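Here is the file work_13.pdb (PDB, C-alpha atoms and all ligand atoms).
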ATOM      1  CA  MET A   1     105.627  92.598 140.697
ATOM      2  CA  ASN A   2     105.332  90.448 137.579
ATOM      3  CA  ALA A   3     102.951  87.535 136.986
ATOM      4  CA  THR A   4     105.100  85.175 139.036
ATOM      5  CA  GLY A   5     105.063  87.501 142.043
ATOM      6  CA  VAL A   6     108.750  88.323 141.656
ATOM      7  CA  PRO A   7     109.668  92.035 141.891
ATOM      8  CA  MET A   8     110.234  93.445 138.421
ATOM      9  CA  GLN A   9     113.680  94.322 137.278
ATOM     10  CA  THR A  10     114.145  97.979 136.362
ATOM     11  CA  THR A  11     114.422  97.242 132.619
ATOM     12  CA  GLU A  12     111.260  95.151 132.626
ATOM     13  CA  LEU A  13     109.395  97.874 134.523
ATOM     14  CA  ARG A  14     110.601 100.622 132.186
ATOM     15  CA  SER A  15     109.402  98.590 129.184
ATOM     16  CA  LYS A  16     105.985  98.078 130.820
ATOM     17  CA  LEU A  17     105.613 101.818 131.288
ATOM     18  CA  ASN A  18     106.762 102.740 127.772
ATOM     19  CA  PRO A  19     104.853 101.102 124.892
ATOM     20  CA  ASN A  20     107.381 102.468 122.346
ATOM     21  CA  LYS A  21     110.200 100.636 124.159
ATOM     22  CA  ALA A  22     108.076  97.528 124.750
ATOM     23  CA  LEU A  23     107.224  97.282 121.032
ATOM     24  CA  TRP A  24     110.870  97.113 119.960
ATOM     25  CA  GLU A  25     112.030  94.900 122.829
ATOM     26  CA  LYS A  26     109.167  92.509 122.152
ATOM     27  CA  GLY A  27     110.793  90.523 119.406
ATOM     28  CA  ASP A  28     114.341  90.393 118.181
ATOM     29  CA  PHE A  29     114.866  92.930 115.423
ATOM     30  CA  THR A  30     118.327  91.451 114.808
ATOM     31  CA  ARG A  31     116.585  88.615 112.916
ATOM     32  CA  ILE A  32     115.244  91.173 110.421
ATOM     33  CA  ALA A  33     118.334  93.415 110.480
ATOM     34  CA  GLU A  34     120.456  90.456 109.358
ATOM     35  CA  THR A  35     118.675  90.718 105.997
ATOM     36  CA  MET A  36     119.454  94.457 105.707
ATOM     37  CA  ARG A  37     123.247  94.441 106.093
ATOM     38  CA  GLU A  38     124.202  94.867 102.402
ATOM     39  CA  SER A  39     121.946  97.890 101.982
ATOM     40  CA  GLY A  40     123.166  99.319 105.298
ATOM     41  CA  GLU A  41     126.758  99.131 104.063
ATOM     42  CA  ALA A  42     125.826 100.606 100.663
ATOM     43  CA  LEU A  43     124.018 103.513 102.293
ATOM     44  CA  VAL A  44     126.884 104.288 104.671
ATOM     45  CA  ALA A  45     129.262 104.280 101.693
ATOM     46  CA  LYS A  46     127.374 107.363 100.437
ATOM     47  CA  PHE A  47     127.947 109.333 103.657
ATOM     48  CA  GLY A  48     131.539 110.375 102.929
ATOM     49  CA  ILE A  49     132.804 109.072 106.263
ATOM     50  CA  THR A  50     136.327 110.062 107.185
ATOM     51  CA  LYS A  51     138.511 108.841 110.049
ATOM     52  CA  GLY A  52     137.470 110.324 113.386
ATOM     53  CA  LEU A  53     134.154 111.737 112.129
ATOM     54  CA  LYS A  54     131.794 111.855 115.105
ATOM     55  CA  VAL A  55     128.663 109.926 114.178
ATOM     56  CA  LEU A  56     125.475 109.356 116.152
ATOM     57  CA  ASP A  57     123.268 106.525 114.886
ATOM     58  CA  LEU A  58     119.861 107.138 116.437
ATOM     59  CA  GLY A  59     117.423 104.232 116.635
ATOM     60  CA  CYS A  60     120.443 102.198 115.605
ATOM     61  CA  GLY A  61     119.079  98.729 116.370
ATOM     62  CA  ASP A  62     122.031  96.335 116.454
ATOM     63  CA  GLY A  63     124.118  98.575 114.215
ATOM     64  CA  THR A  64     123.190  97.983 110.577
ATOM     65  CA  THR A  65     124.544 101.472 109.837
ATOM     66  CA  ALA A  66     126.607 102.120 112.999
ATOM     67  CA  ILE A  67     128.975  99.190 112.407
ATOM     68  CA  PRO A  68     129.824 100.000 108.756
ATOM     69  CA  ALA A  69     130.343 103.663 109.754
ATOM     70  CA  ALA A  70     132.806 102.542 112.460
ATOM     71  CA  LYS A  71     134.536 100.198 110.013
ATOM     72  CA  ARG A  72     135.173 103.272 107.865
ATOM     73  CA  GLY A  73     136.916 104.936 110.812
ATOM     74  CA  ALA A  74     134.135 107.068 112.312
ATOM     75  CA  ASP A  75     133.825 107.440 116.058
ATOM     76  CA  VAL A  76     130.294 106.067 116.496
ATOM     77  CA  LEU A  77     127.703 106.198 119.249
ATOM     78  CA  GLY A  78     124.559 104.145 118.673
ATOM     79  CA  VAL A  79     121.508 105.134 120.702
ATOM     80  CA  ASP A  80     118.413 102.958 120.835
ATOM     81  CA  ILE A  81     115.421 102.590 123.115
ATOM     82  CA  ALA A  82     115.556  98.779 123.101
ATOM     83  CA  ALA A  83     117.910  97.307 125.720
ATOM     84  CA  ASN A  84     118.204  93.981 123.852
ATOM     85  CA  LEU A  85     119.301  95.702 120.631
ATOM     86  CA  VAL A  86     121.818  97.887 122.487
ATOM     87  CA  ALA A  87     123.320  94.700 123.964
ATOM     88  CA  ALA A  88     123.345  93.045 120.516
ATOM     89  CA  GLY A  89     125.050  96.118 119.018
ATOM     90  CA  ASN A  90     127.760  96.195 121.675
ATOM     91  CA  LYS A  91     128.363  92.476 121.134
ATOM     92  CA  ARG A  92     128.670  92.970 117.354
ATOM     93  CA  ALA A  93     131.082  95.901 117.819
ATOM     94  CA  GLU A  94     133.182  93.742 120.134
ATOM     95  CA  ASP A  95     133.115  90.789 117.726
ATOM     96  CA  PHE A  96     134.351  93.086 114.939
ATOM     97  CA  GLY A  97     137.039  94.499 117.266
ATOM     98  CA  LEU A  98     135.625  98.000 116.871
ATOM     99  CA  GLY A  99     136.761 100.038 119.869
ATOM    100  CA  ASN A 100     135.403 103.140 118.115
ATOM    101  CA  CYS A 101     131.757 102.012 118.255
ATOM    102  CA  ARG A 102     129.563 101.810 121.321
ATOM    103  CA  PHE A 103     125.863 101.516 121.897
ATOM    104  CA  GLN A 104     123.747 102.890 124.727
ATOM    105  CA  GLU A 105     120.106 103.035 125.670
ATOM    106  CA  GLY A 106     118.309 106.300 125.010
ATOM    107  CA  ASP A 107     115.134 107.866 123.692
ATOM    108  CA  ALA A 108     115.166 109.923 120.483
ATOM    109  CA  CYS A 109     112.595 112.273 122.066
ATOM    110  CA  ASP A 110     114.890 113.148 124.951
ATOM    111  CA  MET A 111     118.524 112.119 124.625
ATOM    112  CA  LYS A 112     119.492 112.703 128.221
ATOM    113  CA  GLY A 113     123.238 112.930 128.722
ATOM    114  CA  VAL A 114     124.069 113.424 125.031
ATOM    115  CA  PRO A 115     125.745 116.838 124.857
ATOM    116  CA  ASP A 116     124.644 119.663 122.534
ATOM    117  CA  ARG A 117     126.479 120.090 119.203
ATOM    118  CA  SER A 118     128.568 116.960 119.711
ATOM    119  CA  PHE A 119     128.231 115.123 116.350
ATOM    120  CA  ASP A 120     129.368 115.839 112.787
ATOM    121  CA  LEU A 121     126.782 113.441 111.415
ATOM    122  CA  VAL A 122     123.530 112.211 112.933
ATOM    123  CA  VAL A 123     122.090 109.215 111.116
ATOM    124  CA  SER A 124     118.674 107.727 111.762
ATOM    125  CA  ILE A 125     117.676 104.984 109.371
ATOM    126  CA  PHE A 126     114.141 103.771 110.093
ATOM    127  CA  GLY A 127     114.911 104.696 113.708
ATOM    128  CA  ALA A 128     113.780 108.108 115.022
ATOM    129  CA  MET A 129     110.707 107.815 112.784
ATOM    130  CA  PHE A 130     109.332 105.372 115.393
ATOM    131  CA  ALA A 131     109.707 107.770 118.338
ATOM    132  CA  PRO A 132     106.294 108.915 119.608
ATOM    133  CA  LYS A 133     106.978 112.677 119.676
ATOM    134  CA  PRO A 134     108.237 113.653 116.215
ATOM    135  CA  PHE A 135     108.747 117.352 116.958
ATOM    136  CA  ASP A 136     110.842 116.478 120.011
ATOM    137  CA  ALA A 137     112.857 113.952 117.986
ATOM    138  CA  ALA A 138     113.618 116.578 115.301
ATOM    139  CA  LYS A 139     114.645 119.071 117.994
ATOM    140  CA  GLU A 140     116.911 116.515 119.645
ATOM    141  CA  MET A 141     118.620 115.578 116.374
ATOM    142  CA  VAL A 142     119.290 119.259 115.683
ATOM    143  CA  ARG A 143     120.465 119.885 119.260
ATOM    144  CA  VAL A 144     123.180 117.227 119.190
ATOM    145  CA  THR A 145     124.494 118.089 115.699
ATOM    146  CA  ARG A 146     127.335 120.606 115.517
ATOM    147  CA  PRO A 147     126.969 123.741 113.330
ATOM    148  CA  GLY A 148     128.181 122.715 109.862
ATOM    149  CA  GLY A 149     127.185 119.109 110.576
ATOM    150  CA  ARG A 150     124.536 116.964 108.904
ATOM    151  CA  ILE A 151     121.506 114.856 109.719
ATOM    152  CA  VAL A 152     120.488 111.971 107.454
ATOM    153  CA  MET A 153     117.224 110.127 108.004
ATOM    154  CA  GLY A 154     115.771 107.137 106.194
ATOM    155  CA  ASN A 155     111.995 106.977 106.535
ATOM    156  CA  TRP A 156     109.383 104.602 105.151
ATOM    157  CA  ILE A 157     106.753 106.277 102.991
ATOM    158  CA  PRO A 158     103.028 105.977 103.773
ATOM    159  CA  ASN A 159     101.048 103.978 101.210
ATOM    160  CA  ASP A 160     104.153 103.334  99.154
ATOM    161  CA  PRO A 161     103.499 100.187  97.135
ATOM    162  CA  THR A 162     106.814  98.576  98.133
ATOM    163  CA  PHE A 163     107.677  96.185 100.930
ATOM    164  CA  VAL A 164     107.870  97.709 104.415
ATOM    165  CA  ALA A 165     105.093 100.273 103.932
ATOM    166  CA  GLN A 166     102.866  97.389 102.826
ATOM    167  CA  VAL A 167     103.906  95.110 105.724
ATOM    168  CA  LEU A 168     103.007  97.921 108.121
ATOM    169  CA  ASN A 169      99.733  98.572 106.252
ATOM    170  CA  VAL A 170      98.686  94.931 106.452
ATOM    171  CA  SER A 171      99.805  94.666 110.103
ATOM    172  CA  SER A 172      97.938  97.789 111.181
ATOM    173  CA  ALA A 173      94.727  96.536 109.533
ATOM    174  CA  PHE A 174      94.778  93.631 112.023
ATOM    175  CA  THR A 175      95.898  95.626 115.090
ATOM    176  CA  PRO A 176      93.503  97.605 117.333
ATOM    177  CA  PRO A 177      93.475 101.361 116.595
ATOM    178  CA  PRO A 178      96.279 103.277 118.341
ATOM    179  CA  PRO A 179      95.470 105.493 121.336
ATOM    180  CA  GLU A 180      94.132 109.004 120.780
ATOM    181  CA  GLY A 181      96.896 111.461 119.902
ATOM    182  CA  PHE A 182      99.172 108.793 118.408
ATOM    183  CA  VAL A 183     101.153 110.199 115.467
ATOM    184  CA  SER A 184     101.866 107.609 112.786
ATOM    185  CA  PRO A 185     105.610 106.992 112.249
ATOM    186  CA  MET A 186     104.825 106.969 108.528
ATOM    187  CA  THR A 187     104.269 110.750 108.617
ATOM    188  CA  TRP A 188     108.102 110.946 108.599
ATOM    189  CA  GLY A 189     107.830 109.754 104.992
ATOM    190  CA  VAL A 190     105.870 112.875 103.985
ATOM    191  CA  GLU A 191     108.114 115.740 102.884
ATOM    192  CA  SER A 192     105.831 118.516 104.192
ATOM    193  CA  SER A 193     105.672 116.896 107.676
ATOM    194  CA  VAL A 194     109.439 116.447 107.811
ATOM    195  CA  THR A 195     109.962 120.073 106.780
ATOM    196  CA  GLU A 196     107.491 121.312 109.399
ATOM    197  CA  ARG A 197     109.322 119.376 112.148
ATOM    198  CA  PHE A 198     112.782 120.654 111.243
ATOM    199  CA  LEU A 199     111.459 124.208 110.749
ATOM    200  CA  ALA A 200     110.095 124.032 114.290
ATOM    201  CA  ALA A 201     113.580 122.935 115.406
ATOM    202  CA  GLY A 202     115.027 126.107 113.849
ATOM    203  CA  VAL A 203     116.313 124.742 110.517
ATOM    204  CA  PRO A 204     115.492 126.819 107.397
ATOM    205  CA  ALA A 205     113.623 124.899 104.667
ATOM    206  CA  ALA A 206     116.455 125.532 102.186
ATOM    207  CA  LYS A 207     118.691 123.299 104.328
ATOM    208  CA  ILE A 208     116.393 120.291 104.037
ATOM    209  CA  SER A 209     116.518 118.046 100.980
ATOM    210  CA  PHE A 210     114.852 114.810  99.941
ATOM    211  CA  ALA A 211     115.600 111.853  97.696
ATOM    212  CA  ARG A 212     114.101 108.418  97.090
ATOM    213  CA  ASP A 213     116.349 105.479  97.830
ATOM    214  CA  THR A 214     116.044 101.691  98.136
ATOM    215  CA  PHE A 215     116.876  99.187 100.859
ATOM    216  CA  THR A 216     116.879  95.537  99.785
ATOM    217  CA  PHE A 217     116.070  92.761 102.255
ATOM    218  CA  ASN A 218     118.071  89.615 101.422
ATOM    219  CA  PHE A 219     116.931  86.488 103.255
ATOM    220  CA  SER A 220     118.272  82.972 102.858
ATOM    221  CA  GLY A 221     114.980  81.106 102.746
ATOM    222  CA  THR A 222     111.640  81.221 100.960
ATOM    223  CA  PRO A 223     109.249  84.196 101.141
ATOM    224  CA  GLU A 224     107.011  82.073 103.410
ATOM    225  CA  ASP A 225     109.976  81.485 105.762
ATOM    226  CA  PHE A 226     110.656  85.237 105.717
ATOM    227  CA  VAL A 227     107.033  85.895 106.797
ATOM    228  CA  GLY A 228     107.830  83.587 109.727
ATOM    229  CA  GLN A 229     110.724  85.838 110.747
ATOM    230  CA  PHE A 230     108.415  88.868 110.827
ATOM    231  CA  LYS A 231     105.700  86.905 112.669
ATOM    232  CA  ASN A 232     108.134  85.727 115.351
ATOM    233  CA  TYR A 233     110.584  88.630 115.698
ATOM    234  CA  TYR A 234     109.259  91.956 114.298
ATOM    235  CA  GLY A 235     107.298  93.836 117.024
ATOM    236  CA  PRO A 236     104.620  95.428 114.788
ATOM    237  CA  ALA A 237     103.923  92.108 112.995
ATOM    238  CA  MET A 238     103.941  90.199 116.314
ATOM    239  CA  ASN A 239     101.288  92.582 117.656
ATOM    240  CA  ALA A 240      99.213  92.085 114.502
ATOM    241  CA  PHE A 241      99.392  88.281 114.870
ATOM    242  CA  GLU A 242      98.424  88.507 118.558
ATOM    243  CA  ALA A 243      95.395  90.650 117.678
ATOM    244  CA  ALA A 244      94.500  88.405 114.723
ATOM    245  CA  GLU A 245      94.639  85.348 116.986
ATOM    246  CA  LYS A 246      92.109  86.977 119.341
ATOM    247  CA  SER A 247      89.742  87.800 116.475
ATOM    248  CA  GLY A 248      90.191  84.429 114.734
ATOM    249  CA  ARG A 249      91.854  86.035 111.682
ATOM    250  CA  THR A 250      95.355  84.528 111.902
ATOM    251  CA  ALA A 251      95.022  82.570 108.637
ATOM    252  CA  ASP A 252      93.867  85.712 106.827
ATOM    253  CA  LEU A 253      96.841  87.755 108.093
ATOM    254  CA  GLN A 254      99.267  84.949 107.248
ATOM    255  CA  ALA A 255      97.814  84.651 103.723
ATOM    256  CA  GLN A 256      97.958  88.409 103.101
ATOM    257  CA  LEU A 257     101.599  88.609 104.193
ATOM    258  CA  GLU A 258     102.624  85.533 102.200
ATOM    259  CA  HIS A 259     100.947  86.974  99.108
ATOM    260  CA  LEU A 260     102.763  90.286  99.647
ATOM    261  CA  PHE A 261     106.191  88.708 100.244
ATOM    262  CA  LYS A 262     105.873  86.404  97.219
ATOM    263  CA  ALA A 263     104.622  89.186  94.940
ATOM    264  CA  GLN A 264     107.526  91.474  95.901
ATOM    265  CA  ASN A 265     110.278  88.844  95.866
ATOM    266  CA  LYS A 266     112.827  89.530  93.117
ATOM    267  CA  SER A 267     115.070  86.524  93.726
ATOM    268  CA  SER A 268     115.324  84.063  90.857
ATOM    269  CA  ARG A 269     116.374  81.277  93.266
ATOM    270  CA  LYS A 270     113.812  79.171  95.106
ATOM    271  CA  ASP A 271     115.769  79.128  98.381
ATOM    272  CA  THR A 272     116.402  82.861  98.762
ATOM    273  CA  THR A 273     114.238  85.950  99.014
ATOM    274  CA  SER A 274     115.231  89.426  97.913
ATOM    275  CA  ILE A 275     112.768  92.262  98.377
ATOM    276  CA  PRO A 276     113.479  95.935  97.633
ATOM    277  CA  ALA A 277     111.762  98.700  99.579
ATOM    278  CA  THR A 278     111.622 102.369  98.684
ATOM    279  CA  PHE A 279     112.288 104.956 101.391
ATOM    280  CA  LEU A 280     112.565 108.713 101.732
ATOM    281  CA  ARG A 281     116.136 109.855 102.384
ATOM    282  CA  VAL A 282     116.161 113.166 104.242
ATOM    283  CA  ALA A 283     119.297 115.302 104.454
ATOM    284  CA  VAL A 284     119.517 118.285 106.776
ATOM    285  CA  ALA A 285     122.537 120.596 106.658
ATOM    286  CA  LEU A 286     123.166 122.630 109.795
TER     287      LEU A 286
HETATM  288  C1  LIG B 301     113.073  99.318 112.194
HETATM  289  S1  LIG B 301     114.262  99.316 113.486
HETATM  290  C2  LIG B 301     115.686  99.970 112.628
HETATM  291  C3  LIG B 301     116.985  99.718 113.324
HETATM  292  C4  LIG B 301     118.257 100.147 112.572
HETATM  293  N1  LIG B 301     118.318 101.578 112.352
HETATM  294  C5  LIG B 301     118.384  99.398 111.288
HETATM  295  O1  LIG B 301     118.274 100.015 110.216
HETATM  296  O2  LIG B 301     118.614  98.176 111.339
HETATM  297  C6  LIG B 301     113.704 100.686 114.482
HETATM  298  C7  LIG B 301     114.615 100.985 115.619
HETATM  299  O3  LIG B 301     114.248 102.208 116.239
HETATM  300  C8  LIG B 301     114.339 102.047 117.628
HETATM  301  N2  LIG B 301     113.479 103.030 118.288
HETATM  302  C9  LIG B 301     112.133 103.086 118.273
HETATM  303  N3  LIG B 301     111.709 104.138 118.998
HETATM  304  C10 LIG B 301     112.812 104.767 119.498
HETATM  305  C11 LIG B 301     113.037 105.892 120.331
HETATM  306  N4  LIG B 301     112.014 106.588 120.836
HETATM  307  N5  LIG B 301     114.307 106.239 120.618
HETATM  308  C12 LIG B 301     115.355 105.517 120.164
HETATM  309  N6  LIG B 301     115.208 104.431 119.389
HETATM  310  C13 LIG B 301     113.957 104.050 119.039
HETATM  311  C14 LIG B 301     113.903 100.617 117.844
HETATM  312  O4  LIG B 301     114.260 100.093 119.092
HETATM  313  C15 LIG B 301     114.576  99.904 116.676
HETATM  314  O5  LIG B 301     115.867  99.493 116.981
END
Since I need it in another form, could you write the structure as structure tokens?
Amino acid sequence: MNATGVPMQTTELRSKLNPNKALWEKGDFTRIAETMRESGEALVAKFGITKGLKVLDLGCGDGTTAIPAAKRGADVLGVDIAANLVAAGNKRAEDFGLGNCRFQEGDACDMKGVPDRSFDLVVSIFGAMFAPKPFDAAKEMVRVTRPGGRIVMGNWIPNDPTFVAQVLNVSSAFTPPPPEGFVSPMTWGVESSVTERFLAAGVPAAKISFARDTFTFNFSGTPEDFVGQFKNYYGPAMNAFEAAEKSGRTADLQAQLEHLFKAQNKSSRKDTTSIPATFLRVAVAL
């Protein structure tokens, strides 16, 4: 039963029981993803997509990388734990008339129903890094990739001085400590941790390579307005604001984020914000 005494719907109940799912269904990541489309397209352009290539986009959100991959002719499945983002992705695919792109709910730690060795390319851009069991996520990505196929991950880097790592740093300083045993998603930005996880999944180290890359967030509004988007729609920032409210530190959190967004903004126009963020690009050849 929920607060109003009405029996909970299955989706609502599943979210209650799974904090990972609840975090990403909490806001509306589409409002942030809309600022990431250009970089999503640019990244996909590097993947060498050919017509009919079977692509899995894991932790796909509403399809920042899945949709451009489908536009290039790939046969794309997007898997995400958040029901609202899966619905948004399917709506976007339909709006673009992409019959070769579909989205379904699933957990990177246990992709039930996704057959072994079924994809040429598994992409996870700031997606699987947020799954709570990193060794299971690595094993699952390897399981569903065909021999000769590839995995590409994009992962934020801990303590990197650029945008997202700093947003998460500031947010976590205002949020209560995570439960015992919690593995920080940012460990996916550490080469030795990534290697350890894929080694455990049976991939030799020589097949794993790393590069630094950049995603730029382009927002039509001021940096202060962009902070508002994070405050209202980005799960980790929403949690930080809720915790800050309880401890009377909302103004402090707001000020820290506004300072960060303004300091990192590269736009020369007053009414737009453009913020680059460095990430670790991981390539695994199977
Ligand atoms: C930062 S967003 C990135 C979304 C998308 N890849 C993009 O670049 O726009 C993180 C995504 O990972 C998804 N996610 C988090 N944990 C997951 C899990 N265990 N399994 C599948 N998806 C997950 C979230 O729901 C969210 O859509």
Cut-off 7 Å, all atoms listed in the file, neighbours of ligand LIG 301 (chain B) as a PyMOL selection string
chain A and resi 20-21+24-25+29+33+36+40+58-65+79-82+85+106-109+124-128+130-132
Figure out the distance between CA of Lys46 in chain A and CA of Phe103 in chain A, please, to one decimal in Å.
22.3 Å
Written as a short mmCIF file (atom, residue, chain, number, x, y, z; two decimals) with C-alpha atoms, in the frame of the given file, which residues does the PyMOL selection byres (((chain A and resi 47) around 10) and not hetatm) give for the file shown?
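New file out.cif:
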data_model
loop_
_atom_site.label_atom_id
_atom_site.label_comp_id
_atom_site.auth_asym_id
_atom_site.auth_seq_id
_atom_site.Cartn_x
_atom_site.Cartn_y
_atom_site.Cartn_z
CA ALA A 42 125.83 100.61 100.66
CA LEU A 43 124.02 103.51 102.29
CA VAL A 44 126.88 104.29 104.67
CA ALA A 45 129.26 104.28 101.69
CA LYS A 46 127.37 107.36 100.44
CA GLY A 48 131.54 110.38 102.93
CA ILE A 49 132.80 109.07 106.26
CA THR A 50 136.33 110.06 107.18
CA ALA A 69 130.34 103.66 109.75
CA LEU A 121 126.78 113.44 111.42
CA VAL A 123 122.09 109.22 111.12
CA ARG A 150 124.54 116.96 108.90
CA VAL A 152 120.49 111.97 107.45
#
Looking at only C-alpha atoms, which of A:Ile208, A:Leu168, A:Cys101, A:Ala93 is the one that sits closest to Val282 in chain A?
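Checking each candidate against Val282 in chain A, we get A:Ile208 as the closest.
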Expanded to explicit residues, what is the PyMOL selection byres (((chain A and resi 273) around 7) and not hetatm) for this file, as JSON, numbers by chain?
{"A": [218, 219, 220, 221, 222, 223, 265, 267, 272, 274, 275]}
Quick check, in Å to one decimal: how far apart do CA of Lys262 in chain A and CA of Thr216 in chain A lie?
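Computing the Euclidean distance for CA of Lys262 in chain A and CA of Thr216 in chain A yields 14.5 Å.
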Can you give me, as a PyMOL selection string, the residues this file yields under the PyMOL selection byres (((chain A and resi 203) around 12) and not hetatm)?
chain A and resi 138-139+141-143+145+147+150-151+194-202+204-209+283-286
Separating CA of Arg92 in chain A from CA of Phe163 in chain A, to the nearest tenth of an Å, is a gap of 26.8 Å
Give me, as a PyMOL selection string, all polymer residues having an atom no more than 9 Å from Leu253 in chain A, counting only C-alpha atoms and skipping those fewer than 6 positions away in the same chain.
chain A and resi 170-171+174+240-241+244
Dump C-alpha atoms for the selected residues as a short mmCIF file (atom, residue, chain, number, x, y, z; two decimals), in the frame of the given file?
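The file below, part08.cif, is the result:
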data_model
loop_
_atom_site.label_atom_id
_atom_site.label_comp_id
_atom_site.auth_asym_id
_atom_site.auth_seq_id
_atom_site.Cartn_x
_atom_site.Cartn_y
_atom_site.Cartn_z
CA VAL A 170 98.69 94.93 106.45
CA SER A 171 99.80 94.67 110.10
CA PHE A 174 94.78 93.63 112.02
CA ALA A 240 99.21 92.08 114.50
CA PHE A 241 99.39 88.28 114.87
CA ALA A 244 94.50 88.40 114.72
#
Enumerate, as a list of chain:residue names, the protein, DNA and RNA residues whose atoms approach (114.0, 108.2, 94.8) to within 9 Å, taking into account only C-alpha atoms and the coordinate frame of the file.
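Residues with an atom at most 9 Å from (114.0, 108.2, 94.8): A:Phe210, A:Ala211, A:Arg212, A:Asp213, A:Thr214, A:Thr278, A:Phe279, A:Leu280, A:Arg281.
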Keeping only C-alpha atoms, write those residues as an mmCIF file, in the frame of the given file.
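The result, stored in selection-v3.cif:
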data_model
loop_
_atom_site.group_PDB
_atom_site.id
_atom_site.type_symbol
_atom_site.label_atom_id
_atom_site.label_comp_id
_atom_site.auth_asym_id
_atom_site.auth_seq_id
_atom_site.Cartn_x
_atom_site.Cartn_y
_atom_site.Cartn_z
ATOM 1 C CA PHE A 210 114.852 114.810 99.941
ATOM 2 C CA ALA A 211 115.600 111.853 97.696
ATOM 3 C CA ARG A 212 114.101 108.418 97.090
ATOM 4 C CA ASP A 213 116.349 105.479 97.830
ATOM 5 C CA THR A 214 116.044 101.691 98.136
ATOM 6 C CA THR A 278 111.622 102.369 98.684
ATOM 7 C CA PHE A 279 112.288 104.956 101.391
ATOM 8 C CA LEU A 280 112.565 108.713 101.732
ATOM 9 C CA ARG A 281 116.136 109.855 102.384
#
Out of A:Gln256, A:Asn155, A:Asn100, A:Thr187, which residue has the shortest atom-to-atom distance to Lys133 in chain A when counting all atoms listed in the file?
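Of all the options, A:Thr187 lies closest to Lys133 in chain A.
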If you take every atom of range 129-133 of chain A that the file lists and fit an axis-aligned box around them with 4 Å extra on each side, what centre and edge lengths come out in Å to one decimal, as lines of an AutoDock Vina configuration file?
center_x = 108.5
center_y = 109.0
center_z = 116.2
size_x = 12.4
size_y = 15.3
size_z = 14.9
Could all heavy atoms be built for range 66-70 of chain A and written out as a compact mmCIF listing (two decimals), in the frame of the given file?
# COMPACT_ATOMS: atom_id res chain seq x y z
N ALA A 66 125.54 101.70 112.06
CA ALA A 66 126.61 102.12 113.00
C ALA A 66 127.90 101.33 112.75
O ALA A 66 129.00 101.92 112.72
CB ALA A 66 126.14 101.91 114.44
N ILE A 67 127.77 100.03 112.56
CA ILE A 67 128.98 99.19 112.41
C ILE A 67 129.74 99.54 111.12
O ILE A 67 130.96 99.78 111.18
CB ILE A 67 128.61 97.68 112.48
CG1 ILE A 67 128.00 97.34 113.84
CG2 ILE A 67 129.77 96.78 112.09
CD1 ILE A 67 128.92 97.00 114.97
N PRO A 68 129.07 99.61 109.96
CA PRO A 68 129.82 100.00 108.76
C PRO A 68 130.45 101.40 108.87
O PRO A 68 131.54 101.64 108.35
CB PRO A 68 128.80 99.96 107.61
CG PRO A 68 127.60 99.30 108.13
CD PRO A 68 127.68 99.21 109.62
N ALA A 69 129.76 102.32 109.58
CA ALA A 69 130.34 103.66 109.75
C ALA A 69 131.63 103.56 110.58
O ALA A 69 132.64 104.20 110.27
CB ALA A 69 129.33 104.59 110.43
N ALA A 70 131.61 102.72 111.62
CA ALA A 70 132.81 102.54 112.46
C ALA A 70 133.92 101.84 111.67
O ALA A 70 135.10 102.17 111.82
CB ALA A 70 132.45 101.75 113.71
